[in-house]
Amino acid sequence: MSDALLDLPSHLRDRLACALESGLLGPSPTLVSFRAVLGDREDAEDVAASLLELERLGISGPAAAAWLRTVGRVAERTRKPDLVWSGPEVQGLHARDTRRVYEELLGSAERSIWASTYAFFDGPKAFEILARHMDTTPALRVTLLLNIQRKRGDSTASEQLVRRFADHFWKTDWPGSSRPSVFYDPRSLEQDGPGCVLHAKAVVADDEAVFITSANLTEAALDRNIELGVLIRDRAFALAVCGYFRSLIDRDLLKPLPLT
């Protein structure tokens with residue numbers, strides 16, 4: 001009976017519970033009303049059938065909403081990853097939106113954020129939500145991992161490239177008064193090196209949620225490109241990702257960006 005409800009993404013299960021609590025889904029709701037709440041999902045009929053079966057057992061309205069929330073708490077213990085996409089919407093395929101997931105994690109963390117990206121073009125816009133959240137949440141500790149790229153044919157000393165990047169980042173790109181810790185991979189600046197770059201795109205919030213994506217922090221990646229990612233709410237997995245980043249820093253493989 002509850003398989004269809006267990007398979008619902010958590011935010012849709014919450015939306016369904018709210019619709020039941022508010023009366024938006026009244027007694028014996030139609031499939032059309034379910035689709036109005038859930039969108040055009042292929043499993044809408046199964047969800048409707050599951051809730052109608054609950055109603056036949058005398059569980060409806062707010063009671064069904066409470067049952068759904070209980071199901072949600074159980075499901076969270078073995079929570080499935082959420083697919084996250086950018087690009088054209090595909091009818092019948094549910095996925096979280098890349099921009100919304102980025103903004104949700106960067107704007108709601110309470111203790112810590114680790115964020116890694118290869119590219120950003122409009123710094124004030126890319127970091128606006130995170131910077132504002134840092135300014136209003138003093139306990140929040142933010143670590144950014146950013147790529148500094150040497151242009152082809154540029155023979156400028158690595159130290160100068162880092163200084164130039166740092167000056168521009170703090171004066172122009174970062175829009176907040178509170179500052180994150182920023183690290184970069186020095187191998188990307190080696191003139192005769194293997195041509196390595198910091199290419200990881202990921203966010204870890206509060207050592208609980210991990211978002212791994214192909215999308216950079218650019219408008220094209222967040223809104224227009226076809227980009228694919230996963231949102232995983234698993235503390236052990238989140239700690240493993242943070243532990244890897246910390247190890248790179250502790251071993252001096254990632255260097256701190258100068259503050260001024």
# chains A, B, ... in the order shown; residues from 1 in each chain; ligands from 1
>>> closest_atom_pairs(of="range 97-122 of chain A", to="range 216-232 of chain A", cutoff="9 Å", atoms="only C-alpha atoms", output="Markdown table")
| residue | atom | partner | partner_atom | distance |
| --- | --- | --- | --- | --- |
| A:Asp97 | CA | A:Leu222 | CA | 8.3 |
| A:Thr98 | CA | A:Leu222 | CA | 5.7 |
| A:Arg99 | CA | A:Leu222 | CA | 5.0 |
| A:Arg100 | CA | A:Leu222 | CA | 8.8 |
| A:Val101 | CA | A:Leu231 | CA | 8.0 |
| A:Tyr102 | CA | A:Leu222 | CA | 8.7 |
| A:Ser116 | CA | A:Asn216 | CA | 8.9 |
| A:Thr117 | CA | A:Asn216 | CA | 5.7 |
| A:Tyr118 | CA | A:Asn216 | CA | 6.2 |
| A:Ala119 | CA | A:Asn216 | CA | 5.6 |
| A:Phe120 | CA | A:Leu217 | CA | 4.9 |
| A:Phe121 | CA | A:Thr218 | CA | 6.1 |
| A:Asp122 | CA | A:Thr218 | CA | 7.3 |
>>> write_last_selection(atoms="N, CA and C atoms", output="mmCIF file, in the first residue's frame")
data_model
loop_
_atom_site.group_PDB
_atom_site.id
_atom_site.type_symbol
_atom_site.label_atom_id
_atom_site.label_comp_id
_atom_site.auth_asym_id
_atom_site.auth_seq_id
_atom_site.Cartn_x
_atom_site.Cartn_y
_atom_site.Cartn_z
ATOM 1 N N ASP A 97 15.497 20.847 -9.248
ATOM 2 C CA ASP A 97 16.105 21.861 -10.087
ATOM 3 C C ASP A 97 17.470 22.258 -9.528
ATOM 4 N N THR A 98 18.483 22.344 -10.399
ATOM 5 C CA THR A 98 19.850 22.600 -9.949
ATOM 6 C C THR A 98 19.955 23.902 -9.161
ATOM 7 N N ARG A 99 19.419 24.989 -9.690
ATOM 8 C CA ARG A 99 19.514 26.265 -8.983
ATOM 9 C C ARG A 99 18.849 26.190 -7.613
ATOM 10 N N ARG A 100 17.686 25.576 -7.551
ATOM 11 C CA ARG A 100 16.964 25.518 -6.273
ATOM 12 C C ARG A 100 17.724 24.712 -5.238
ATOM 13 N N VAL A 101 18.358 23.623 -5.669
ATOM 14 C CA VAL A 101 19.114 22.812 -4.716
ATOM 15 C C VAL A 101 20.334 23.583 -4.214
ATOM 16 N N TYR A 102 21.067 24.223 -5.129
ATOM 17 C CA TYR A 102 22.197 25.069 -4.718
ATOM 18 C C TYR A 102 21.740 26.108 -3.692
ATOM 19 N N SER A 116 32.607 23.432 -3.604
ATOM 20 C CA SER A 116 33.680 23.375 -4.584
ATOM 21 C C SER A 116 33.098 23.623 -5.968
ATOM 22 N N THR A 117 33.761 24.478 -6.746
ATOM 23 C CA THR A 117 33.314 24.719 -8.110
ATOM 24 C C THR A 117 34.509 25.025 -8.998
ATOM 25 N N TYR A 118 34.368 24.681 -10.249
ATOM 26 C CA TYR A 118 35.439 24.933 -11.206
ATOM 27 C C TYR A 118 35.380 26.359 -11.744
ATOM 28 N N ALA A 119 34.157 26.857 -11.967
ATOM 29 C CA ALA A 119 34.023 28.169 -12.603
ATOM 30 C C ALA A 119 32.857 28.945 -12.015
ATOM 31 N N PHE A 120 33.012 30.265 -11.957
ATOM 32 C CA PHE A 120 31.930 31.203 -11.689
ATOM 33 C C PHE A 120 32.278 32.466 -12.471
ATOM 34 N N PHE A 121 31.257 33.111 -13.010
ATOM 35 C CA PHE A 121 31.527 34.282 -13.852
ATOM 36 C C PHE A 121 31.111 35.586 -13.175
ATOM 37 N N ASP A 122 29.933 35.617 -12.627
ATOM 38 C CA ASP A 122 29.427 36.812 -11.950
ATOM 39 C C ASP A 122 29.464 36.545 -10.447
#
>>> residues_around(residues="Phe34 in chain A", least_positions_apart="2", cutoff="12 Å", atoms="only C-alpha atoms", output="number ranges by chain")
A: 12-13, 15-17, 19-20, 24-26, 28-32, 36-52
>>> closest_residue(among="A:Leu248, A:Arg35, A:Pro27, A:His11", to="Glu55 in chain A", atoms="only C-alpha atoms")
A:Pro27
>>> residues_around(residues="Gly107 in chain A", least_positions_apart="4", cutoff="12 Å", atoms="only C-alpha atoms", output="list in words")
Arg99, Arg100, Val101, Tyr102, Glu103, Arg111, Ser112, Ile113, Phe127, Glu128, Ile129, Leu130, Ala131, Arg132, His133, Met134, Asp135, Thr136, Thr137, Leu140, Val142, Val203, Ala205 and Asp206 of chain A
>>> closest_residue(among="A:Leu8, A:Val204, A:Val162, A:Cys196", to="Arg141 in chain A", atoms="only C-alpha atoms")
A:Val204
